[in-house]
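Just below is one structure, and these are the notes that go with it.
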Amino acid sequence: MAAQPPSPVYDCIVVGAGIQGSCAAYHLAKNQRKTLLLEQFVLPHSRGSSHGQTRIIRKAYKEDFYAHMMEESYELWAQLEKEAGVQLCRQTGLLLMGPETGKDYQLMKDAMQRNKLPLVILNPEEFSQHIPNVNLTGGDGALVDTTAGVLYADRALSAVQRLFQVLGGVIKDGQKVTDIKPGPVVTVTTAAAVYQAKSLVITVGTWASKVLSPIGLNLPLQVLKINVCYWKEKVAGSYSVNRRFPCFIQLESQEASHDIYGLPSNEYPGLMKVCYHTGSETDPDDRDGQTDRSDVEILKRYVSRCFPGLVPVPAVVESCMYTVTPDLHFVLDYHPAHRNIVIGAGFSEHSDQLHHCLVWELHRIGPQDPTADSEDS
């Protein structure tokens with residue numbers, strides 16, 4: 001029996017082929033790194049946080065550093081669109097509503113003005129002229145981030161994986177990682193094979209704790225199951241992307257302590273996506289066991305009060321997974337004991353709009369010296 005040829009030693013292995021990992025792999029390949037992208041499920045799949053057709057992309061943030069990152073992110077998305085030959089973003093604007101004297105609304109408004117970002121402030125008297133079919137809560141302020149819009153998530157994921165392969169990258173799906181052995185050369189074992197690389201990037205979303213714990217990292221990550229709700233328009237097209245209805249974020253609503261957000265009807269004709277920006281804690285391997293729908297009840301009350309043009313019962317309810325940290329900021333860093341292992345986790349609070357910029361940052365901080373394992377230094 002002929003001996004099997006030895007597996008190649010890659011420059012980098014990326015574990016997790018969601019949008020974070022796929023973009024990281026793409027940037028690595030683009031910079032002439034021999035890269036392997038591993039995914040536990042057969043692609044495409046809907047078990048993580050990167051599936052679905054749309055996400056919000058925006059510059060409206062409370063923190064200056066996110067606003068600055070988004071400037072670069074928009075440039076990178078435009079570059080990716082050009083390379084892929086596919087439209088990935090559609091400008092619709094983002095309607096931000098919240099109590100005029102509320103902390104979050106003021107922080108976002110101040111950050112946008114401080115960073116000189118394009119915005120339009122809507123007075124209550126003129127609100128209905130510009131935003132039909134929405135009831136602005138008394139005492140709420142409203143502004144529009146005019147550069148914001150819809151990011152086509154499924155399309156973006158497919159495009160970046162295709163470009164990664166065009167650049168010589170290798171994707172192995174259906175291969176769950178069962179063991180990671182750190183060292184100057186990292187060894188990654190899956191149910192099907194053993195791979196080696198000079199460096200490793202771990203971007204496994206809701207499975208982060210399960211993958212990181214065996215290599216000595218216990219991050220304060222919480223996994224949530226989100227009910228993604230679509231609501232039928234009473235009059236077809238009332239909230240359509242084709243009529244330039246904006247995305248929206250409602251801060252500090254009467255019904256809830258967390259944000260409510262929505263996107264114009266697009267992926268399902270006649271159905272608008274409106275969701276609660278949190279969910280119930282769950283195990284990513286037993287997500288269907290989590291059946292809490294208290295968020296749907298909150299949304300019913302909100303839609304009935306503020307979106308009179310929608311039937312206040314969801315027509316479709318899907319699910320998505322969030323991974324969040326206590327301060328709702330992401331983790332992007334080296335493993336403290338192994339400088340050739342980089343971890344990205346907890347991105348869900350920012351949806352997918354930042355990822356293209358974040359993974360570029362991940363590539364920049366990635367290990368330059370694959371032998372720089374701090375256990376030996």
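Starting from 1 in every chain, residues are counted up; chains themselves are A, B, ... following the order of the structure tokens, and ligands are numbered from 1 as listed.
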
Can you build me a table of stretch 32-126 of chain A residues sitting at most 9 Å from stretch 146-155 of chain A, with the closest atom pair per residue and its distance in Å to one decimal, using only C-alpha atoms, sorted by chain and residue number, as a Markdown table?
```
| residue | atom | partner | partner_atom | distance |
| --- | --- | --- | --- | --- |
| A:Ser50 | CA | A:Ala153 | CA | 6.9 |
| A:His51 | CA | A:Asp154 | CA | 5.8 |
| A:Gly52 | CA | A:Asp154 | CA | 5.8 |
| A:Gln53 | CA | A:Ala153 | CA | 5.0 |
| A:Thr54 | CA | A:Tyr152 | CA | 4.6 |
| A:Arg55 | CA | A:Leu151 | CA | 5.1 |
| A:Ile56 | CA | A:Val150 | CA | 5.0 |
| A:Ile57 | CA | A:Gly149 | CA | 5.4 |
| A:Arg58 | CA | A:Ala148 | CA | 4.3 |
| A:Lys59 | CA | A:Ala148 | CA | 6.7 |
| A:Ala60 | CA | A:Ala148 | CA | 8.1 |
| A:Val86 | CA | A:Arg155 | CA | 8.1 |
| A:Gln87 | CA | A:Tyr152 | CA | 8.1 |
| A:Leu88 | CA | A:Tyr152 | CA | 5.2 |
| A:Cys89 | CA | A:Leu151 | CA | 4.5 |
| A:Arg90 | CA | A:Val150 | CA | 5.2 |
| A:Gln91 | CA | A:Gly149 | CA | 4.2 |
| A:Thr92 | CA | A:Gly149 | CA | 4.4 |
| A:Gly93 | CA | A:Thr146 | CA | 4.4 |
| A:Leu94 | CA | A:Ala148 | CA | 5.4 |
| A:Leu95 | CA | A:Thr146 | CA | 8.6 |
| A:Leu117 | CA | A:Thr147 | CA | 8.5 |
| A:Pro118 | CA | A:Thr146 | CA | 6.0 |
| A:Leu119 | CA | A:Thr146 | CA | 5.6 |
| A:Val120 | CA | A:Thr146 | CA | 7.2 |
```

Expected file: the selected residues, C-alpha atoms, as a short mmCIF file (atom, residue, chain, number, x, y, z; two decimals), in the first residue's frame:
```
data_model
loop_
_atom_site.label_atom_id
_atom_site.label_comp_id
_atom_site.auth_asym_id
_atom_site.auth_seq_id
_atom_site.Cartn_x
_atom_site.Cartn_y
_atom_site.Cartn_z
CA SER A 50 -23.68 34.53 9.70
CA HIS A 51 -26.65 33.16 7.77
CA GLY A 52 -29.67 35.10 6.59
CA GLN A 53 -29.93 37.62 3.82
CA THR A 54 -29.58 41.00 5.49
CA ARG A 55 -27.84 42.96 8.25
CA ILE A 56 -27.65 46.68 9.07
CA ILE A 57 -24.47 48.57 8.18
CA ARG A 58 -24.07 51.95 9.90
CA LYS A 59 -21.76 54.61 11.26
CA ALA A 60 -24.09 55.58 14.12
CA VAL A 86 -21.64 41.61 -6.82
CA GLN A 87 -23.66 44.25 -4.97
CA LEU A 88 -23.17 43.67 -1.24
CA CYS A 89 -24.55 46.90 0.27
CA ARG A 90 -27.59 49.04 -0.41
CA GLN A 91 -27.89 52.51 1.04
CA THR A 92 -31.24 53.10 2.77
CA GLY A 93 -30.33 55.29 5.72
CA LEU A 94 -30.81 54.35 9.36
CA LEU A 95 -33.56 55.92 11.45
CA LEU A 117 -20.82 62.10 10.07
CA PRO A 118 -23.69 62.85 7.67
CA LEU A 119 -26.99 62.94 9.55
CA VAL A 120 -30.42 64.54 9.39
#
```

| task | Within stretch 120-307 of chain A, find each residue whose DSSP state, derived from the backbone, is strand (DSSP E), and express the selection as a PyMOL selection string. | result | chain A and resi 120-122+140-145+149-152+170-172+177-181+186-190+194-202+222-232+247-250+260-263+271-276+280-281

| remark: Shortest contact to A:Asp104, candidates A:Pro308, A:Gly18, A:Gly141, A:Pro132, atoms counted only C-alpha atoms, goes to A:Gly141

| message | With distances taken over only C-alpha atoms, which residue among A:Gln250, A:Ile343, A:Ser265, A:Ala315 lies nearest A:Ile215? | response |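 Smallest distance to A:Ile215 is found for A:Ile343.
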
| Using only C-alpha atoms, which residue out of A:Leu96, A:Val177, A:Val331, A:Leu157 lies closest to A:Leu38? |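 Counting only C-alpha atoms, the residue closest to A:Leu38 is A:Val177.
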
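Counting only C-alpha atoms, the residue from A:Ile202, A:Glu297, A:Val15, A:Asn31 that sits nearest to A:Leu332 is A:Ile202.
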
| Coordinates-based distance that separates atom CA of A:Val303 from atom CA of A:Tyr268 (Å, one decimal) |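 Result for atom CA of A:Tyr268 versus atom CA of A:Val303: 17.9 Å, one decimal.
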
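Between atom CA of A:Leu328 and atom CA of A:Phe248 there is a distance of 19.7 Å.
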
| request: Would you mind telling me which residue in A:Leu299, A:Ile180, A:Val170, A:Met70 lies nearest to A:Ser22 when using only C-alpha atoms? | output: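 Distance minimum relative to A:Ser22 lands on A:Val170.
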
| message | Can you tell me, as number ranges by chain, which residues in stretch 13-183 of chain A count as helix (DSSP H, G or I) by DSSP? | response | A: 19-30, 64-84, 103-114, 124-130, 153-166

| For atom CA of A:Cys306 and atom CA of A:Glu255, the interatomic separation in Å (one decimal) |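 Atom-to-atom, atom CA of A:Cys306 to atom CA of A:Glu255, that is 10.9 Å.
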
Please identify all polymer residues within 12 Å of A:Asp288, counting only C-alpha atoms, omitting same-chain residues fewer than 2 positions from it, and present them as a compact mmCIF listing (two decimals) with N, CA, C and O atoms, in the first residue's frame.
```
# COMPACT_ATOMS: atom_id res chain seq x y z
N ARG A 47 -26.65 27.32 11.21
CA ARG A 47 -26.54 26.99 12.63
C ARG A 47 -25.82 28.05 13.46
O ARG A 47 -25.78 27.96 14.68
N LEU A 224 -26.69 33.51 23.13
CA LEU A 224 -28.12 33.81 23.14
C LEU A 224 -28.78 33.34 21.85
O LEU A 224 -28.20 33.45 20.78
N LYS A 225 -29.99 32.84 21.98
CA LYS A 225 -30.79 32.52 20.80
C LYS A 225 -31.75 33.67 20.54
O LYS A 225 -32.50 34.09 21.43
N ILE A 226 -31.70 34.22 19.33
CA ILE A 226 -32.51 35.36 18.95
C ILE A 226 -33.64 34.91 18.03
O ILE A 226 -33.41 34.16 17.07
N ASN A 227 -34.84 35.37 18.33
CA ASN A 227 -35.96 35.12 17.43
C ASN A 227 -36.00 36.23 16.38
O ASN A 227 -36.15 37.41 16.71
N SER A 280 -32.49 34.66 24.73
CA SER A 280 -32.37 33.80 25.90
C SER A 280 -31.13 32.94 25.79
O SER A 280 -30.79 32.46 24.71
N GLU A 281 -30.48 32.74 26.93
CA GLU A 281 -29.23 31.98 26.94
C GLU A 281 -29.49 30.53 26.53
O GLU A 281 -30.50 29.93 26.90
N THR A 282 -28.56 29.98 25.77
CA THR A 282 -28.74 28.62 25.26
C THR A 282 -27.40 27.97 24.99
O THR A 282 -26.36 28.62 24.99
N ASP A 283 -27.44 26.68 24.77
CA ASP A 283 -26.28 25.90 24.34
C ASP A 283 -26.32 25.85 22.81
O ASP A 283 -27.34 25.46 22.23
N PRO A 284 -25.25 26.24 22.13
CA PRO A 284 -25.30 26.25 20.66
C PRO A 284 -25.56 24.87 20.04
O PRO A 284 -26.04 24.78 18.91
N ASP A 285 -25.26 23.81 20.80
CA ASP A 285 -25.53 22.46 20.29
C ASP A 285 -26.92 21.97 20.64
O ASP A 285 -27.29 20.84 20.30
N ASP A 286 -27.69 22.80 21.34
CA ASP A 286 -29.07 22.43 21.70
C ASP A 286 -29.97 23.65 21.57
O ASP A 286 -30.83 23.90 22.41
N GLN A 290 -34.25 25.70 23.33
CA GLN A 290 -34.61 27.00 23.89
C GLN A 290 -35.85 27.51 23.17
O GLN A 290 -35.80 27.85 21.99
N THR A 291 -36.97 27.57 23.88
CA THR A 291 -38.25 27.90 23.24
C THR A 291 -38.85 29.20 23.77
O THR A 291 -40.03 29.49 23.50
N ASP A 292 -38.09 29.98 24.52
CA ASP A 292 -38.60 31.23 25.07
C ASP A 292 -39.01 32.19 23.96
O ASP A 292 -38.23 32.45 23.04
N GLU A 318 -37.76 33.06 12.51
CA GLU A 318 -36.57 32.25 12.33
C GLU A 318 -35.68 32.44 13.57
O GLU A 318 -36.09 33.08 14.53
N SER A 319 -34.48 31.89 13.54
CA SER A 319 -33.61 32.07 14.70
C SER A 319 -32.18 32.33 14.26
O SER A 319 -31.76 31.95 13.17
N CYS A 320 -31.46 33.01 15.14
CA CYS A 320 -30.04 33.31 14.93
C CYS A 320 -29.37 33.23 16.29
O CYS A 320 -30.04 33.31 17.33
N MET A 321 -28.05 33.08 16.31
CA MET A 321 -27.31 32.98 17.55
C MET A 321 -26.44 34.21 17.75
O MET A 321 -25.79 34.68 16.82
```
